[in-house]
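Structure file upload18.txt (compact mmCIF, C-alpha atoms and all ligand atoms) follows.
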# COMPACT_ATOMS: atom_id res chain seq x y z
CA THR G 1 29.50 -11.89 29.09
CA ARG G 2 26.16 -12.47 30.79
CA GLN G 3 23.19 -10.36 31.81
CA TRP G 4 19.83 -10.97 33.45
CA ARG G 5 16.73 -9.87 31.57
CA LEU G 6 13.13 -9.56 32.65
CA GLU G 7 11.52 -12.65 31.13
CA SER G 8 8.00 -11.99 32.41
CA ARG G 9 6.22 -9.86 34.99
CA PRO G 10 5.67 -11.55 38.36
CA VAL G 11 2.18 -12.05 39.69
CA GLY G 12 2.57 -12.03 43.45
CA GLU G 13 5.94 -13.35 44.62
CA PRO G 14 8.65 -13.25 41.93
CA THR G 15 9.86 -16.68 40.74
CA HIS G 16 12.78 -17.98 38.65
CA GLU G 17 10.51 -17.94 35.58
CA ASN G 18 10.52 -14.13 35.67
CA PHE G 19 14.28 -13.96 34.99
CA ASP G 20 16.28 -14.92 31.91
CA LEU G 21 20.06 -15.31 31.91
CA VAL G 22 21.51 -14.50 28.48
CA THR G 23 25.03 -14.49 27.09
CA ILE G 24 25.96 -11.58 24.82
CA ASP G 25 29.07 -10.07 23.26
CA ARG G 26 30.94 -7.77 25.57
CA PRO G 27 29.67 -4.22 24.88
CA GLU G 28 32.08 -1.56 23.53
CA PRO G 29 32.26 1.86 25.14
CA GLY G 30 31.40 4.81 22.88
CA PRO G 31 32.86 8.31 23.19
CA GLY G 32 32.59 9.53 26.81
CA GLU G 33 31.72 6.02 28.00
CA VAL G 34 33.50 3.39 30.03
CA LEU G 35 33.22 -0.38 30.12
CA VAL G 36 32.72 -1.61 33.67
CA ARG G 37 33.28 -5.12 35.02
CA THR G 38 30.80 -5.71 37.85
CA LEU G 39 32.32 -6.62 41.20
CA TYR G 40 29.19 -6.27 43.34
CA GLN G 41 25.60 -5.93 42.22
CA SER G 42 22.89 -4.61 44.51
CA VAL G 43 19.42 -6.11 44.77
CA ASP G 44 16.81 -3.79 46.27
CA PRO G 45 13.13 -3.97 47.20
CA TYR G 46 12.18 -1.11 44.81
CA MET G 47 13.09 -3.39 41.88
CA ARG G 48 9.84 -5.26 42.52
CA GLY G 49 8.00 -2.08 41.50
CA ARG G 50 9.98 -1.86 38.27
CA MET G 51 8.96 -5.40 37.32
CA ARG G 52 5.34 -4.31 37.41
CA ASP G 53 3.63 -2.69 34.42
CA ALA G 54 2.24 0.19 36.42
CA GLU G 55 3.10 3.78 37.12
CA SER G 56 5.19 4.11 40.24
CA TYR G 57 8.02 6.41 41.21
CA ALA G 58 10.45 4.25 39.25
CA GLU G 59 9.83 3.58 35.57
CA PRO G 60 8.73 0.00 34.76
CA TRP G 61 11.22 -2.25 32.96
CA ASP G 62 10.16 -3.66 29.62
CA VAL G 63 9.83 -7.42 29.31
CA GLY G 64 12.87 -8.72 27.41
CA ASP G 65 15.13 -5.87 28.52
CA PRO G 66 18.10 -6.13 30.87
CA MET G 67 17.24 -4.97 34.38
CA LYS G 68 19.03 -2.09 36.07
CA ALA G 69 20.91 -2.22 39.33
CA GLY G 70 23.29 -0.32 41.51
CA VAL G 71 26.74 -1.73 40.80
CA VAL G 72 30.28 -1.36 42.10
CA GLY G 73 32.71 -2.29 39.38
CA GLU G 74 36.14 -1.88 37.91
CA VAL G 75 36.76 0.15 34.79
CA VAL G 76 38.06 -2.16 32.05
CA GLU G 77 38.24 0.35 29.23
CA SER G 78 37.69 4.10 29.29
CA ARG G 79 36.83 6.65 26.67
CA TYR G 80 36.07 9.23 29.34
CA ASP G 81 38.54 11.83 30.56
CA GLY G 82 38.95 11.35 34.28
CA LEU G 83 38.50 7.60 34.52
CA GLU G 84 41.01 4.95 33.57
CA ALA G 85 41.26 1.18 33.56
CA GLY G 86 41.51 -0.14 37.09
CA ASP G 87 39.47 2.64 38.70
CA VAL G 88 36.61 1.49 40.92
CA VAL G 89 33.30 3.17 40.22
CA THR G 90 29.67 2.97 41.26
CA GLY G 91 26.45 3.91 39.54
CA GLU G 92 23.23 2.59 38.11
CA LEU G 93 24.29 -0.05 35.61
CA LEU G 94 22.70 -3.38 34.79
CA TRP G 95 22.16 -6.85 36.21
CA ALA G 96 25.20 -7.74 34.11
CA GLU G 97 28.78 -8.95 34.34
CA HIS G 98 29.86 -6.08 32.09
CA ALA G 99 28.08 -2.88 31.14
CA VAL G 100 28.89 0.47 29.59
CA ALA G 101 27.96 3.79 31.14
CA HIS G 102 28.72 7.42 30.50
CA GLY G 103 31.52 8.61 32.77
CA ASP G 104 29.32 11.49 34.03
CA ASP G 105 26.89 8.95 35.49
CA LEU G 106 29.52 7.17 37.59
CA ARG G 107 31.02 8.06 40.93
CA GLN G 108 34.56 6.97 41.75
CA VAL G 109 35.04 4.83 44.84
CA ASN G 110 38.32 5.03 46.73
CA PRO G 111 39.33 1.46 47.73
CA ASP G 112 41.65 2.89 50.41
CA HIS G 113 38.61 4.15 52.33
CA GLY G 114 37.28 0.67 53.10
CA PRO G 115 35.53 -2.23 51.39
CA VAL G 116 34.26 -1.05 48.00
CA SER G 117 30.97 -2.95 48.52
CA THR G 118 29.90 -0.36 51.10
CA ALA G 119 29.22 2.05 48.21
CA LEU G 120 26.03 0.04 47.66
CA GLY G 121 25.01 -0.07 51.32
CA VAL G 122 25.95 1.97 54.33
CA LEU G 123 27.94 4.42 52.16
CA GLY G 124 25.53 4.36 49.24
CA MET G 125 21.87 4.71 48.40
CA PRO G 126 20.48 2.89 51.48
CA GLY G 127 22.71 4.87 53.87
CA VAL G 128 21.74 8.16 52.22
CA THR G 129 18.05 7.16 52.40
CA ALA G 130 18.38 6.51 56.12
CA TYR G 131 20.26 9.75 56.66
CA PHE G 132 17.83 12.13 55.00
CA GLY G 133 14.69 10.16 55.81
CA LEU G 134 15.52 10.25 59.48
CA LEU G 135 17.22 13.61 59.93
CA ASP G 136 15.42 15.68 57.30
CA VAL G 137 11.96 14.12 57.25
CA ALA G 138 11.41 12.61 60.70
CA GLU G 139 13.55 15.15 62.61
CA PRO G 140 14.17 13.25 65.87
CA THR G 141 15.12 15.21 68.97
CA PRO G 142 17.05 13.84 71.97
CA GLY G 143 14.83 11.80 74.25
CA ASP G 144 12.39 10.87 71.49
CA THR G 145 11.25 7.27 71.11
CA VAL G 146 12.05 6.25 67.54
CA VAL G 147 10.61 3.06 66.05
CA VAL G 148 12.01 1.64 62.82
CA SER G 149 10.64 -1.33 60.89
CA ALA G 150 12.84 -3.73 58.86
CA ALA G 151 15.39 -2.52 61.40
CA ALA G 152 18.03 -5.12 60.53
CA GLY G 153 17.95 -4.23 56.83
CA ALA G 154 20.20 -1.92 54.85
CA VAL G 155 18.21 1.25 55.50
CA GLY G 156 16.72 0.35 58.89
CA SER G 157 20.00 -0.59 60.56
CA VAL G 158 21.45 2.82 59.69
CA VAL G 159 18.27 4.65 60.76
CA GLY G 160 18.33 3.06 64.21
CA GLN G 161 21.98 3.83 64.83
CA LEU G 162 21.68 7.43 63.62
CA ALA G 163 18.65 7.92 65.86
CA ARG G 164 20.64 6.63 68.79
CA LEU G 165 23.59 8.89 67.97
CA ASN G 166 20.99 11.67 68.03
CA GLY G 167 20.02 10.84 71.59
CA ALA G 168 16.81 8.93 70.91
CA ARG G 169 15.49 5.77 72.52
CA VAL G 170 15.39 3.29 69.64
CA VAL G 171 13.09 0.34 69.06
CA GLY G 172 13.29 -1.89 65.99
CA THR G 173 11.20 -4.63 64.45
CA ALA G 174 12.72 -7.50 62.47
CA GLY G 175 11.89 -11.07 61.50
CA SER G 176 14.42 -13.38 63.20
CA ASP G 177 16.12 -13.90 66.55
CA GLU G 178 19.52 -13.49 64.91
CA LYS G 179 18.46 -10.03 63.72
CA ILE G 180 17.05 -9.11 67.12
CA ALA G 181 20.33 -10.09 68.79
CA TRP G 182 22.33 -8.01 66.28
CA LEU G 183 20.14 -4.96 66.91
CA THR G 184 20.25 -5.07 70.70
CA ASP G 185 23.73 -6.56 71.30
CA ASP G 186 25.79 -4.89 68.58
CA LEU G 187 23.89 -1.83 67.32
CA GLY G 188 22.72 -0.46 70.65
CA PHE G 189 18.97 -0.60 70.05
CA ASP G 190 17.10 -0.17 73.35
CA ALA G 191 14.59 -2.84 72.35
CA ALA G 192 13.80 -5.00 69.35
CA ILE G 193 10.77 -7.10 68.51
CA ASN G 194 10.68 -10.24 66.39
CA TYR G 195 7.35 -9.59 64.69
CA LYS G 196 7.22 -13.16 63.36
CA ASP G 197 7.45 -14.57 66.86
CA THR G 198 4.63 -12.81 68.67
CA ASP G 199 0.89 -13.23 68.55
CA ASP G 200 0.40 -9.83 70.17
CA LEU G 201 2.39 -7.38 68.11
CA ALA G 202 0.47 -4.34 69.36
CA GLY G 203 1.15 -5.41 72.94
CA ALA G 204 4.84 -6.01 72.24
CA VAL G 205 5.27 -2.58 70.64
CA ALA G 206 3.38 -0.89 73.49
CA GLU G 207 5.56 -2.65 76.04
CA ALA G 208 8.75 -1.56 74.23
CA CYS G 209 7.51 2.05 74.01
CA PRO G 210 6.15 2.99 77.46
CA ASP G 211 6.26 6.70 76.58
CA GLY G 212 4.58 6.31 73.21
CA ILE G 213 6.23 6.91 69.83
CA ASP G 214 7.64 10.22 68.59
CA VAL G 215 9.11 9.01 65.31
CA TYR G 216 8.13 6.03 63.19
CA PHE G 217 10.43 5.27 60.25
CA ASP G 218 8.31 2.93 58.16
CA ASN G 219 9.98 0.51 55.78
CA VAL G 220 7.27 -2.12 55.67
CA GLY G 221 3.65 -0.96 56.22
CA GLY G 222 0.99 -3.60 56.95
CA PRO G 223 0.50 -5.11 60.40
CA ILE G 224 3.64 -3.53 61.89
CA THR G 225 2.39 -0.05 61.01
CA ASP G 226 -1.03 -0.98 62.41
CA ALA G 227 0.64 -1.88 65.71
CA VAL G 228 2.60 1.37 65.84
CA TRP G 229 -0.25 3.71 64.91
CA PRO G 230 -2.22 3.86 68.19
CA LEU G 231 0.98 4.82 70.05
CA LEU G 232 1.80 7.95 68.02
CA ASN G 233 2.44 10.84 70.40
CA VAL G 234 1.31 14.42 70.02
CA ARG G 235 3.38 16.09 67.26
CA SER G 236 4.98 12.78 66.27
CA ARG G 237 6.42 12.25 62.78
CA VAL G 238 6.05 9.27 60.47
CA ALA G 239 8.57 9.02 57.62
CA VAL G 240 7.15 6.65 55.00
CA CYS G 241 10.19 5.14 53.31
CA GLY G 242 8.89 1.80 52.01
CA GLN G 243 5.97 -0.62 52.19
CA ILE G 244 7.69 -3.92 51.44
CA SER G 245 4.97 -5.98 53.12
CA ILE G 246 2.66 -5.20 50.20
CA TYR G 247 5.08 -5.08 47.25
CA ASN G 248 4.05 -8.60 46.19
CA ALA G 249 0.37 -8.18 46.97
CA THR G 250 -1.96 -8.77 44.04
CA GLU G 251 -4.71 -6.90 45.87
CA VAL G 252 -3.72 -4.13 48.24
CA PRO G 253 -5.79 -4.07 51.42
CA THR G 254 -8.15 -1.11 51.81
CA GLY G 255 -6.23 2.06 52.54
CA PRO G 256 -5.70 3.96 55.76
CA ARG G 257 -8.83 4.38 57.82
CA LYS G 258 -7.40 5.22 61.17
CA LEU G 259 -6.62 8.81 60.22
CA GLY G 260 -8.57 10.01 63.25
CA LYS G 261 -5.40 9.24 65.18
CA LEU G 262 -3.70 12.04 63.27
CA ILE G 263 -6.26 14.58 64.44
CA GLU G 264 -5.78 13.68 68.05
CA SER G 265 -1.97 13.43 67.80
CA ARG G 266 -1.45 16.21 65.22
CA ALA G 267 1.14 13.78 63.82
CA ARG G 268 2.81 14.45 60.49
CA VAL G 269 3.02 11.58 57.99
CA GLU G 270 5.37 12.23 55.10
CA GLY G 271 6.62 10.07 52.28
CA PHE G 272 9.99 10.81 50.73
CA LEU G 273 12.30 9.67 47.95
CA VAL G 274 16.06 9.53 48.27
CA ARG G 275 16.40 10.82 44.73
CA ASP G 276 15.07 14.22 45.90
CA TYR G 277 18.36 14.58 47.76
CA GLU G 278 20.58 14.01 44.71
CA GLY G 279 22.49 17.26 45.20
CA ARG G 280 23.20 16.50 48.85
CA TRP G 281 24.74 13.02 48.73
CA GLY G 282 28.20 14.40 49.57
CA GLU G 283 26.98 15.79 52.85
CA ALA G 284 25.40 12.48 53.89
CA LEU G 285 28.35 10.36 52.75
CA ASP G 286 30.83 12.56 54.63
CA ARG G 287 28.91 12.16 57.88
CA LEU G 288 28.22 8.45 57.39
CA SER G 289 31.81 7.59 56.52
CA THR G 290 33.06 9.50 59.56
CA PHE G 291 30.67 7.53 61.78
CA VAL G 292 31.84 4.26 60.22
CA ARG G 293 35.51 5.16 60.55
CA GLU G 294 35.12 6.17 64.18
CA GLY G 295 33.26 2.98 65.04
CA ASP G 296 29.91 4.66 65.76
CA LEU G 297 28.08 3.12 62.82
CA HIS G 298 28.19 -0.63 62.27
CA TYR G 299 27.00 -2.45 59.20
CA ARG G 300 26.60 -5.95 57.87
CA GLU G 301 26.46 -7.23 54.33
CA ASN G 302 24.76 -10.39 53.22
CA VAL G 303 26.80 -11.47 50.22
CA VAL G 304 25.51 -14.09 47.80
CA GLU G 305 28.32 -15.33 45.57
CA GLY G 306 27.92 -15.81 41.84
CA PHE G 307 26.12 -13.76 39.21
CA GLU G 308 23.81 -16.67 38.42
CA ASN G 309 22.39 -16.37 41.96
CA ALA G 310 21.24 -12.75 41.61
CA PRO G 311 17.51 -13.62 41.32
CA ASP G 312 17.73 -15.74 44.50
CA ALA G 313 19.38 -12.85 46.31
CA PHE G 314 16.60 -10.55 45.15
CA MET G 315 13.78 -12.95 46.07
CA GLY G 316 15.39 -13.48 49.48
CA LEU G 317 14.63 -9.85 50.38
CA PHE G 318 10.95 -10.74 50.62
CA GLU G 319 11.73 -13.68 52.90
CA GLY G 320 13.94 -11.57 55.14
CA GLU G 321 16.98 -13.71 54.37
CA ASN G 322 19.33 -10.73 54.55
CA VAL G 323 20.91 -9.34 57.69
CA GLY G 324 22.09 -5.91 56.60
CA LYS G 325 22.61 -5.02 52.95
CA GLN G 326 21.92 -7.74 50.37
CA LEU G 327 24.60 -7.93 47.68
CA VAL G 328 25.68 -10.25 44.90
CA GLU G 329 29.42 -10.77 44.49
CA VAL G 330 29.86 -11.07 40.74
CA ALA G 331 33.67 -10.99 40.46
CA GLU G 332 36.57 -10.81 42.87
CA TYR G 333 38.24 -7.47 43.37
P1 LIG G 401 16.21 -4.40 53.51
O1 LIG G 401 17.66 -4.60 53.57
O2 LIG G 401 15.51 -3.84 54.71
O3 LIG G 401 15.55 -5.75 53.06
C1 LIG G 401 14.18 -5.94 53.09
C2 LIG G 401 13.70 -6.45 54.47
O4 LIG G 401 12.30 -6.24 54.57
C3 LIG G 401 13.86 -7.94 54.65
O5 LIG G 401 15.13 -8.28 55.11
C4 LIG G 401 12.77 -8.28 55.66
O6 LIG G 401 13.31 -8.23 56.98
C5 LIG G 401 11.76 -7.14 55.50
N1 LIG G 401 10.50 -7.68 54.97
C6 LIG G 401 10.32 -8.40 53.84
N2 LIG G 401 9.02 -8.74 53.71
C7 LIG G 401 8.38 -8.23 54.79
C8 LIG G 401 7.03 -8.25 55.24
N3 LIG G 401 6.07 -8.87 54.55
N4 LIG G 401 6.72 -7.63 56.41
C9 LIG G 401 7.67 -7.01 57.12
N5 LIG G 401 8.98 -6.96 56.76
C10 LIG G 401 9.31 -7.56 55.60
O7 LIG G 401 15.86 -3.44 52.29
P2 LIG G 401 16.28 -1.92 52.13
O8 LIG G 401 16.91 -1.45 53.38
O9 LIG G 401 16.99 -1.77 50.86
O10 LIG G 401 14.87 -1.19 51.96
C11 LIG G 401 14.01 -1.04 53.08
C12 LIG G 401 12.75 -0.30 52.64
O11 LIG G 401 13.10 1.01 52.22
C13 LIG G 401 12.05 -0.94 51.45
O12 LIG G 401 10.65 -0.86 51.66
C14 LIG G 401 12.47 -0.08 50.30
O13 LIG G 401 11.53 -0.10 49.25
C15 LIG G 401 12.56 1.28 50.96
N6 LIG G 401 13.44 2.25 50.29
C16 LIG G 401 12.91 3.48 49.99
C17 LIG G 401 13.69 4.47 49.45
C18 LIG G 401 13.10 5.82 49.21
O14 LIG G 401 13.71 6.63 48.54
N7 LIG G 401 11.91 6.09 49.73
C19 LIG G 401 15.09 4.21 49.07
C20 LIG G 401 15.57 2.90 49.49
C21 LIG G 401 14.76 1.96 50.06
P3 LIG G 401 12.53 -8.88 58.25
O15 LIG G 401 13.39 -9.97 58.76
O16 LIG G 401 12.44 -7.74 59.21
O17 LIG G 401 11.20 -9.36 57.77
Turn this file's structure into structure tokens for me.
Ligand code: NDP
Amino acid sequence: TRQWRLESRPVGEPTHENFDLVTIDRPEPGPGEVLVRTLYQSVDPYMRGRMRDAESYAEPWDVGDPMKAGVVGEVVESRYDGLEAGDVVTGELLWAEHAVAHGDDLRQVNPDHGPVSTALGVLGMPGVTAYFGLLDVAEPTPGDTVVVSAAAGAVGSVVGQLARLNGARVVGTAGSDEKIAWLTDDLGFDAAINYKDTDDLAGAVAEACPDGIDVYFDNVGGPITDAVWPLLNVRSRVAVCGQISIYNATEVPTGPRKLGKLIESRARVEGFLVRDYEGRWGEALDRLSTFVREGDLHYRENVVEGFENAPDAFMGLFEGENVGKQLVEVAEY
């Protein structure tokens, strides 16, 4: 069986040289553990932080070690009461075709409730991030103008739709015309801006938000946040979810200077981590799966086939190649 290991730490954009594909003996589950065959592996922007040898909210990976990933897989062998061969589970496993995990660290996925891959996207970590980041941190009220960046991504696409279900006017930014069309034609966004196709981003955001901005759900930072900032309304809320535009930066541009805007607007800027909501996943997943089932919440998955293509799928996140959740299909279910 094969696994991907961190060969070296990237400087700037990750490259193929940073990843090493190795073949190993299939691991054996110990007492309380199960052996899982990966069906889908997630690749996520936060993994870039774990490739770096620096303190961040996620522990750095060691060079030479297998990398971790959210996985949906099938139990092959179980030494855990409550799981048996054939069960579908999800949890943090490895960039690997097979991995062992303790049964307590896995959550069972019911294949009758829809495609099992959704446990890594709309009905998994990204969906839960969108749910609590929007509803708990940004607290939109009906009539608010909500702006979300990386709006066609896994988190952003859920944020925008939840905001709309909450009665907000929703504006998204994304990096291709295909994404813009998906947002406005299929997801019900009131406006969407292709930030790669405008030389006046500030003007485009202002035009899309004639009443200013009450909520900004920030996935990217950088120039998009700069364009949003002057439009923050009195008592607006900024939920800082991610800053992907600088994850590959070797030198981070000088930090926020336009804080005067916060005095005038009395805006609240708050970062958050989905892992702080660990005890409340059930609540979010219940609501999200109801929305999906009733047709109120749409999702897309960008599936790259083949375990050997996992690094490409990961690197594609920084090029905006994914519409919706980026996944790697490792084996057929
Ligand atoms: P996405 O599915 O949104 O994929 C990443 C997207 O980011 C790309 O598709 C691309 O879309 C956009 N992007 C890439 N580079 C840039 C850039 N330089 N400038 C602007 N946009 C860029 O990923 P996720 O939904 O999984 O994650 C979204 C954000 O949320 C990330 O920043 C991630 O780190 C963060 N996150 C935070 C969590 C938390 O607990 N705080 C939990 C989960 C995610 P485009 O075409 O628009 O450029």
**OP:** Give me the residues within 12 Å of G:Phe291 as a ChimeraX atom specification, counting only C-alpha atoms and dropping any in the same chain fewer than 6 places off.
**Re:** /G:122-123,127,131,158,161-162,165,284-285,297-299
Per-residue nearest contacts chain G to ligand LIG 401 (chain G), cut-off 8 Å, using all atoms listed in the file, as a Markdown table:
| residue | atom | partner | partner_atom | distance |
| --- | --- | --- | --- | --- |
| G:Val43 | CA | G:LIG401 | O9 | 7.9 |
| G:Asp44 | CA | G:LIG401 | O9 | 5.0 |
| G:Pro45 | CA | G:LIG401 | O13 | 4.7 |
| G:Tyr46 | CA | G:LIG401 | O13 | 4.6 |
| G:Met125 | CA | G:LIG401 | C20 | 6.6 |
| G:Pro126 | CA | G:LIG401 | C20 | 5.3 |
| G:Thr129 | CA | G:LIG401 | C19 | 5.3 |
| G:Gly133 | CA | G:LIG401 | N7 | 7.8 |
| G:Ser149 | CA | G:LIG401 | O16 | 6.9 |
| G:Ala150 | CA | G:LIG401 | O16 | 4.0 |
| G:Ala151 | CA | G:LIG401 | O16 | 6.4 |
| G:Ala152 | CA | G:LIG401 | O16 | 6.3 |
| G:Gly153 | CA | G:LIG401 | O2 | 3.3 |
| G:Ala154 | CA | G:LIG401 | O8 | 3.6 |
| G:Val155 | CA | G:LIG401 | O8 | 3.7 |
| G:Gly156 | CA | G:LIG401 | O8 | 5.8 |
| G:Ser157 | CA | G:LIG401 | O8 | 7.9 |
| G:Thr173 | CA | G:LIG401 | O16 | 6.2 |
| G:Ala174 | CA | G:LIG401 | O16 | 3.3 |
| G:Gly175 | CA | G:LIG401 | O15 | 3.3 |
| G:Ser176 | CA | G:LIG401 | O15 | 5.7 |
| G:Lys179 | CA | G:LIG401 | O15 | 7.1 |
| G:Asn194 | CA | G:LIG401 | O16 | 7.8 |
| G:Tyr195 | CA | G:LIG401 | O16 | 7.7 |
| G:Lys196 | CA | G:LIG401 | O17 | 7.8 |
| G:Asp218 | CA | G:LIG401 | C12 | 7.8 |
| G:Asn219 | CA | G:LIG401 | C12 | 4.3 |
| G:Val220 | CA | G:LIG401 | C9 | 5.1 |
| G:Gly221 | CA | G:LIG401 | C9 | 7.3 |
| G:Gly222 | CA | G:LIG401 | N4 | 7.0 |
| G:Pro223 | CA | G:LIG401 | N4 | 7.8 |
| G:Ile224 | CA | G:LIG401 | C9 | 7.1 |
| G:Val240 | CA | G:LIG401 | N7 | 7.1 |
| G:Cys241 | CA | G:LIG401 | N7 | 4.1 |
| G:Gly242 | CA | G:LIG401 | O12 | 3.2 |
| G:Gln243 | CA | G:LIG401 | O12 | 4.7 |
| G:Ile244 | CA | G:LIG401 | O12 | 4.3 |
| G:Ser245 | CA | G:LIG401 | N3 | 3.4 |
| G:Ile246 | CA | G:LIG401 | N3 | 6.6 |
| G:Gly271 | CA | G:LIG401 | N7 | 7.1 |
| G:Phe272 | CA | G:LIG401 | N7 | 5.2 |
| G:Leu273 | CA | G:LIG401 | O14 | 3.4 |
| G:Val274 | CA | G:LIG401 | O14 | 3.7 |
| G:Arg275 | CA | G:LIG401 | O14 | 6.3 |
| G:Gly316 | CA | G:LIG401 | O5 | 7.7 |
| G:Leu317 | CA | G:LIG401 | C3 | 4.7 |
| G:Phe318 | CA | G:LIG401 | C6 | 4.0 |
| G:Glu319 | CA | G:LIG401 | C6 | 5.5 |
| G:Gly320 | CA | G:LIG401 | O5 | 3.5 |
| G:Glu321 | CA | G:LIG401 | O5 | 5.8 |
| G:Asn322 | CA | G:LIG401 | O5 | 4.9 |
| G:Val323 | CA | G:LIG401 | O5 | 6.4 |
| G:Gly324 | CA | G:LIG401 | O1 | 5.5 |
| G:Lys325 | CA | G:LIG401 | O1 | 5.0 |
| G:Gln326 | CA | G:LIG401 | O1 | 6.2 |
Original post:
So how many Å separate atom CA of G:Trp95 and atom CA of G:Leu288, to one decimal?
Top reply: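 For atom CA of G:Trp95 relative to atom CA of G:Leu288, the distance reads 26.8 Å.
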**OP:** Quote the spacing between atom CA of G:Glu207 and atom CA of G:Trp229 in Å to one decimal place.
**Re:**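 Straight-line distance from atom CA of G:Glu207 to atom CA of G:Trp229 works out to 14.1 Å.
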**OP:** Would you list the contacts of G:Pro66 as a ChimeraX atom specification, taking every protein, DNA or RNA residue within 8 Å and counting only C-alpha atoms, but skipping same-chain residues closer than 6 positions in sequence?
**Re:** /G:3-6,94-96
**OP:** Determine, counting only C-alpha atoms, which protein, DNA and RNA residues have an atom within 12 Å of an atom of G:Pro111; residues of the same chain fewer than 6 positions away are not included. Present the result as a list in words.
**Re:**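 My reading of the contact set: Val72, Gly73, Glu74, Gly86, Asp87, Val88, Val89, Thr90, Ser117, Thr118, Ala119 and Tyr333 of chain G.
With distances restricted to only C-alpha atoms, G:Met51 is the closest residue to G:Val11 from G:Ala310, G:Met51, G:Ala130, G:Leu39.
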Subject >> G:Glu329 environment, 6 Å, all atoms listed in the file, sequence neighbours closer than 2 positions dropped, as a PyMOL selection string >> reply: chain G and resi 40+305-306+331
Subject >> Spatial sel., origin (-2.2, 19.6, 68.4), limit 7 Å, only C-alpha atoms, listed as a list in words >> reply: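 Using only C-alpha atoms, the matching residues come out as Val234, Arg235, Glu264, Ser265 and Arg266 of chain G.
Taking atom CA of G:Gly143 as the reference point, atom CA of G:Ala168 is found at 4.8 Å.
Minimum atom-to-atom distance to G:Gly70, evaluated using all atoms listed in the file, belongs to G:Leu327 out of G:Asp190, G:Leu327, G:Val34, G:Ser56.
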Subject >> Selected residue, from G:Leu232, G:Leu83, G:Ala99, G:Leu93, that lies nearest to G:Thr1 when counting only C-alpha atoms >> reply: G:Ala99
Subject >> Residue nearest G:Arg164 - candidates G:Ala69, G:Ala313, G:Leu187, G:Val36, atoms counted: all atoms listed in the file >> reply: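 Once distances to G:Arg164 are computed over all atoms listed in the file, the minimum belongs to G:Leu187.
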Original post:
Got a sec: who's within 9 Å of G:Gly12, counting only C-alpha atoms, leaving out chain neighbours fewer than 4 positions off, as a VMD selection string?
Top reply: chain G and resid 247 to 250
Need the axis-aligned box for stretch 126-129 of chain G with 6 Å each side, so what are the centre and edges in Å to one decimal, as lines of an AutoDock Vina configuration file?
center_x = 20.4
center_y = 5.5
center_z = 52.7
size_x = 16.7
size_y = 17.3
size_z = 14.4
